[in-house]
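Have a look at the structure below before the remarks.
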Amino acid sequence: MAEVKIAPSVLASNFGKLAEEIQAVDQAGCDWIHLDVMDGHFVPNLTFGPPIIQSVRSATDKVFDAHLMVSNPDRLLEIYQKAGADIITVHAEVCEHLDRTLTQIRELGCRAGVSLNPHTSEDCLRYVLDRLDLVLVMSVNPGFGGQSFIPTVVDKIARIRDMLGGRDVDIEVDGGITPETAPSVVAAGATALVAGSAVFKGGSIDAYRDNIEAIRNAARNQ
Ligand code: DX5
Ligand code: ZN
């Protein structure tokens, strides 16, 4: 089995030195950089958008994994691609024309992701399985870092893995991921783990390296 990807969420980083924080987790051995875009509408919090993403793009060569927690993702897809996103993930709850949205993301040359809130059924994926590169399973209600993992998502991950058959689609899990919660989601079929507070604690490259390794080892030994 391929190594699980670790995607630190910059939501838990120091925004005052975002580029340095991204370089620190890059040097600490992460795989992807998870960028939580919040609009204060779909979720009750605001973070950043394309100009900030563009301004930190040159800080690393790692994959930019943009998680759009926004109500109207369609009209800005190209702007996110131009800002440097490699993966663009939209929420199923706000996409009336999900098939079209995913197709547009791929046409822009990005990998197309769909995110599901904890209460959202995986059924909405059934007819877009061949349009997908990634499913982002929320294991907390989106909007804030540092929340507790919701264990019912483990069964959901297993059902999605089953639904995907042999397709080469990542299942990424987001929210409350720690060395304690990582093993169950990886055993169920997750291939990428987002972690905010569990990575950005300690405030130094060495701490970030230890934190990433702890999650990686827990994921390996499930
Ligand atoms: C929540 C975000 C997550 C968040 C995870 O809305 O999508 O990426 O930063 O933070 P932790 O790992 O602290 O739960
Ligand atoms: Zn996220």
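Just so we're on the same page: first chain in the structure tokens is A, next is B, and so on; residues restart at 1 for each chain, and ligands are numbered from 1 in the order they show up.
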Closest atom pairs, residues of chain A within 10 Å of ligand 1, only C-alpha atoms and all ligand atoms, as a Markdown table:
| residue | atom | partner | partner_atom_place_in_ligand_line | distance |
| --- | --- | --- | --- | --- |
| A:Ala7 | CA | ligand 1 | 8 (O) | 9.0 |
| A:Pro8 | CA | ligand 1 | 12 (O) | 7.8 |
| A:Ser9 | CA | ligand 1 | 9 (O) | 5.0 |
| A:Val10 | CA | ligand 1 | 9 (O) | 6.8 |
| A:Leu11 | CA | ligand 1 | 9 (O) | 4.8 |
| A:Ala12 | CA | ligand 1 | 9 (O) | 6.1 |
| A:Ser13 | CA | ligand 1 | 9 (O) | 9.3 |
| A:His34 | CA | ligand 1 | 8 (O) | 6.9 |
| A:Leu35 | CA | ligand 1 | 8 (O) | 7.4 |
| A:Asp36 | CA | ligand 1 | 7 (O) | 5.6 |
| A:Val37 | CA | ligand 1 | 7 (O) | 8.3 |
| A:Met38 | CA | ligand 1 | 6 (O) | 8.0 |
| A:Val43 | CA | ligand 1 | 6 (O) | 7.9 |
| A:Pro44 | CA | ligand 1 | 6 (O) | 9.7 |
| A:Asn45 | CA | ligand 1 | 6 (O) | 8.9 |
| A:Ala66 | CA | ligand 1 | 8 (O) | 9.8 |
| A:His67 | CA | ligand 1 | 7 (O) | 6.9 |
| A:Leu68 | CA | ligand 1 | 7 (O) | 8.7 |
| A:Met69 | CA | ligand 1 | 6 (O) | 7.6 |
| A:Ser115 | CA | ligand 1 | 7 (O) | 9.6 |
| A:Asn117 | CA | ligand 1 | 6 (O) | 9.7 |
| A:Leu136 | CA | ligand 1 | 7 (O) | 9.4 |
| A:Val137 | CA | ligand 1 | 7 (O) | 9.7 |
| A:Met138 | CA | ligand 1 | 7 (O) | 7.2 |
| A:Ser139 | CA | ligand 1 | 14 (O) | 8.2 |
| A:Val140 | CA | ligand 1 | 1 (C) | 6.8 |
| A:Asn141 | CA | ligand 1 | 6 (O) | 6.4 |
| A:Pro142 | CA | ligand 1 | 6 (O) | 3.2 |
| A:Gly143 | CA | ligand 1 | 6 (O) | 3.8 |
| A:Phe144 | CA | ligand 1 | 6 (O) | 4.7 |
| A:Gly145 | CA | ligand 1 | 10 (O) | 3.6 |
| A:Gly146 | CA | ligand 1 | 13 (O) | 3.6 |
| A:Gln147 | CA | ligand 1 | 14 (O) | 5.1 |
| A:Ser148 | CA | ligand 1 | 14 (O) | 6.9 |
| A:Phe149 | CA | ligand 1 | 14 (O) | 7.4 |
| A:Val173 | CA | ligand 1 | 8 (O) | 8.9 |
| A:Asp174 | CA | ligand 1 | 8 (O) | 5.4 |
| A:Gly175 | CA | ligand 1 | 14 (O) | 3.6 |
| A:Gly176 | CA | ligand 1 | 14 (O) | 3.7 |
| A:Ile177 | CA | ligand 1 | 12 (O) | 5.4 |
| A:Thr178 | CA | ligand 1 | 12 (O) | 7.5 |
| A:Leu193 | CA | ligand 1 | 12 (O) | 9.1 |
| A:Val194 | CA | ligand 1 | 8 (O) | 6.1 |
| A:Ala195 | CA | ligand 1 | 12 (O) | 3.7 |
| A:Gly196 | CA | ligand 1 | 12 (O) | 3.5 |
| A:Ser197 | CA | ligand 1 | 13 (O) | 3.9 |
| A:Ala198 | CA | ligand 1 | 12 (O) | 6.0 |
| A:Val199 | CA | ligand 1 | 12 (O) | 7.7 |
| A:Phe200 | CA | ligand 1 | 13 (O) | 8.7 |
| A:Lys201 | CA | ligand 1 | 13 (O) | 9.9 |
Report as a PyMOL selection string: the residues of chain A with a DSSP assignment of strand (DSSP E), based on the backbone of this structure.
-> chain A and resi 5-8+32-38+63-69+87-91+111-116+134-138+170-174+192-195
From the list A:Gly109, A:Pro73, A:Gly84, A:Gly16, which residue is nearest A:His41 when using only C-alpha atoms?
-> A:Pro73
Hey, what's within 12 Å of A:Ser204 if we count only C-alpha atoms and toss same-chain stuff fewer than 5 positions away? As number ranges by chain, please?
-> A: 13-14, 20-25, 27-28, 199, 209-211
